[in-house]
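Asks: Quick one: this structure, given as structure tokens, is what I'll be asking you about.
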Amino acid sequence: MITGRPATRRRLTLVAAVDPYTGGVQGPPSLAAQPGVKLVAFVPPDQELRGLHAKLLVVESDEWIAVLIGSSNATQAGLGLHDVRGHHELNVWVGCSARSRTAKHLRSLAGAGEPVHVEDGRWEAVPDEDEPTGPLLPLGFVSCLVDPGPPARAELVLQPEHLPGTWEVREPAGLALLDADTWRAGGSTKEATVPLPEGPLPAYLIVWWSDGDVTCQGTWTANVDDRAALPPPAELAELPVDVLLAALASTRPLPIALEQELRRRERLDGTGDHVDLDPLRRFDDSGLLLQRARRLSLALWRLQDRLSRPTTSLDALHWRLHGAFGPVAIADGLVVAASTDRALPGEAHFLLAELALTIAAVDWPAVAGGIDRRQVRKLVSDILTQLEDRRTQLPPAPDPSLDRYVHDALEAAQR
């Protein structure tokens with residue numbers, strides 16, 4: 001249907017993931033039942049085990065190649081080809097000459113490996129996302145609102161007349177949060193607040209209920225009122241400050257720069273006592289103050305550039321300041337680094353002062369022209385107050401004049 005060509009004038013290759021532990025092909029058996037179809041194994045781009053949710057469709061002729069990347073499943077409904085159940089999906093087409101250099105990169109996206117020969121019983125069919133696969137959540141479970149806290153909690157809104165007789169709400173790991181008996185003992189209220197365990201905030205809760213003799217399970221989507229209050233992902237929150245600064249100093253987009261820096265450090269960790277034979281590079285990586293100052297100055301300059309981009313959303317501004325690459329995260333990292341032997345004496349104090357002056361150098365009225373200036377001023381002032389709090393957590397500087405400089409820089413930034 002996509003190519004408009006009959007079966008005699010087209011070839012179809014299907015790329016399916018193969019479970020590395022069981023050897024099962026993750027797809028429906030109908031993949032191998034189609035005549036003239038070549039089934040091959042997907043070759044992942046790296047060794048990291050993770051779920052791959054993106055969809056990829058490659059259409060190629062002798063002269064042209066086009067690749068569709070996006071959210072569409074390979075079904076009539078997912079690709080919008082069904083007259084009644086067609087979906088609205090988000091995809092992007094990339095096309096070029098089949099003989100171009102770009103075409104080589106586009107072909108590599110599919111990760112096509114060796115042919116797969118599957119016997120009966122080795123299929124691990126995944127459910128079709130285009131069709132409902134489970135019971136619908138009863139109407140009595142109206143809304144679930146997560147408050148990040150601290151302490152984190154979930155505010156549940158219930159409609160008693162539409163609740164089943166027996167039910168229980170759990171967080172994704174299985175911890176029970178509320179059940180029908182506890183709810184009734186508390187007065188059968190329409191609103192209930194339950195504490196959430198420490199750790200990542202859940203994107204949904206699990207609801208169990210009885211429908212006659214059948215026990216049903218469904219997901220209850222969790223929402224949040226203040227997106228700006230959401231903490232950064234744990235993987236980003238635990239990054240050392242030197243990794244954050246190295247990513248900020250790069251000219252590449254932040255996600256790419258962060259991945260490159262992490263992979264570079266992974267390679268260095270895996271080489272053990274490897275000695276770099278380039279004397280200039282060894283000299284550059286030896287911790288020389290001027291080299292470190294140059295890299296850190298570049299990171300702060302790019303941070304200022306990042307903070308200076310215009311925005312019309314207070315949420316976006318809040319994330320820039322409180323997010324994983326914002327000044328609060330950097331200040332927290334400086335406090336942690338100051339207690340290790342990786343930082344030079346007084347380096348954290350100096351960088352904290354420069355961080356405050358970087359924030360003060362931003363033209364905040366130009367950044368947030370469409371936002372109430374009082375809200376912006378309060379938001380920035382609160383950030384500087386938090387930097388002052390981080391200063392008190394640092395040990396005394398090796399030179400008293402450095403402590404005075406930090407104090408004066410924070411005062412100047414507030415003004």
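We label chains A, B, ... in the order they appear in the structure tokens, count residues from 1 in each chain, and number ligands from 1 in the order shown.
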List as a list of chain:residue names the protein and nucleic acid residues near Thr13 in chain A, meaning an atom at most 7 Å away when only C-alpha atoms are counted, but skip any in the same chain fewer than 4 places from it.
Replies: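 Once the nearby chain positions are removed, what remains is A:Val37, A:Lys38, A:Leu39.
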Asks: Extract the full set of strand (DSSP E) residues from range 57-162 of chain A according to DSSP on the backbone, and format it as an NGL selection string.
Replies: :A and (57-60 or 64-70 or 91-97 or 112-115 or 141-147 or 153-158)
Asks: Quote the spacing between CA of Val94 in chain A and CA of Ala66 in chain A in Å to one decimal place.
Replies: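 These atoms are spaced 5.5 Å apart.
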Asks: CA of Leu12 in chain A and CA of Leu79 in chain A, how far apart in Å?
Replies: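 If I compute the distance from CA of Leu79 in chain A to CA of Leu12 in chain A, I get 16.8 Å.
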Asks: Counting only C-alpha atoms, which residue out of A:Val142, A:Arg10, A:Ser188, A:Gly346 sits closest to Asp403 in chain A?
Replies: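 Smallest distance to Asp403 in chain A is found for A:Gly346.
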Asks: What separation in Å, quoted to one decimal, exists between CA of Ile256 in chain A and CA of Trp64 in chain A?
Replies: 29.2 Å
Asks: Counting only C-alpha atoms, which residue out of A:Ala154, A:Ala329, A:Ala33, A:Leu307 sits closest to Val367 in chain A?
Replies: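 Selected residue with least distance to Val367 in chain A: A:Leu307.
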Asks: I want to know what sits within 8 Å of range 370-374 of chain A, based on only C-alpha atoms, with residues of the same chain fewer than 3 positions away left out; could you give that as a ChimeraX atom specification?
Replies: /A:311-314,365,377-378
Asks: For Ile383 in chain A, list every protein, DNA or RNA residue within 8 Å, evaluated using only C-alpha atoms, and leave out those in the same chain fewer than 5 positions away; present the list as a PyMOL selection string.
Replies: chain A and resi 321+327-328
Asks: Do a neighbour search on Val92 in chain A at 9 Å with only C-alpha atoms, toss out local chain neighbours closer than 6 positions, and write the hits as a ChimeraX atom specification.
Replies: /A:67-70
Asks: Which residues are close to range 332-342 of chain A, i.e. within 9 Å by only C-alpha atoms, leaving aside same-chain residues fewer than 5 positions away? Reply as number ranges by chain.
Replies: A: 238-242, 244, 327, 347-349, 351-352, 387, 390-391, 393-395
Asks: Mind writing the picked residues with C-alpha atoms as a PDB file, in the first residue's frame?
Replies:
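The result, written out as result-v1.pdb:
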ATOM      1  CA  GLU A 238      23.982  11.970  40.057  1.00  0.00           C
ATOM      2  CA  LEU A 239      26.388  13.260  37.390  1.00  0.00           C
ATOM      3  CA  PRO A 240      29.668  14.727  38.716  1.00  0.00           C
ATOM      4  CA  VAL A 241      29.997  18.475  38.274  1.00  0.00           C
ATOM      5  CA  ASP A 242      33.032  18.134  35.997  1.00  0.00           C
ATOM      6  CA  LEU A 244      28.182  18.787  33.571  1.00  0.00           C
ATOM      7  CA  PRO A 327      23.209  26.719  38.180  1.00  0.00           C
ATOM      8  CA  GLU A 347      38.389  26.087  43.237  1.00  0.00           C
ATOM      9  CA  ALA A 348      34.790  25.466  44.337  1.00  0.00           C
ATOM     10  CA  HIS A 349      34.666  28.848  46.114  1.00  0.00           C
ATOM     11  CA  LEU A 351      33.538  28.876  40.692  1.00  0.00           C
ATOM     12  CA  LEU A 352      30.567  29.536  42.963  1.00  0.00           C
ATOM     13  CA  LEU A 387      23.944  29.753  45.930  1.00  0.00           C
ATOM     14  CA  ARG A 390      25.757  26.406  49.121  1.00  0.00           C
ATOM     15  CA  ARG A 391      28.574  28.797  50.071  1.00  0.00           C
ATOM     16  CA  GLN A 393      28.275  24.404  53.067  1.00  0.00           C
ATOM     17  CA  LEU A 394      31.791  24.796  51.671  1.00  0.00           C
ATOM     18  CA  PRO A 395      34.797  24.442  53.982  1.00  0.00           C
TER      19      PRO A 395
END
Asks: Identify, on the basis of only C-alpha atoms, every residue whose closest approach to Pro150 in chain A does not exceed 12 Å; exclude the query and any residue fewer than 2 positions from it along the same chain; express the result as a list in words.
Replies: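 Final neighbour list, sorted by chain and number: Val146, Asp147, Pro148, Ala152, Arg153, Ala154, Pro195, Leu196, Pro197, Glu198, Gly199, Leu201, Ala229, Leu230 and Pro231 of chain A.
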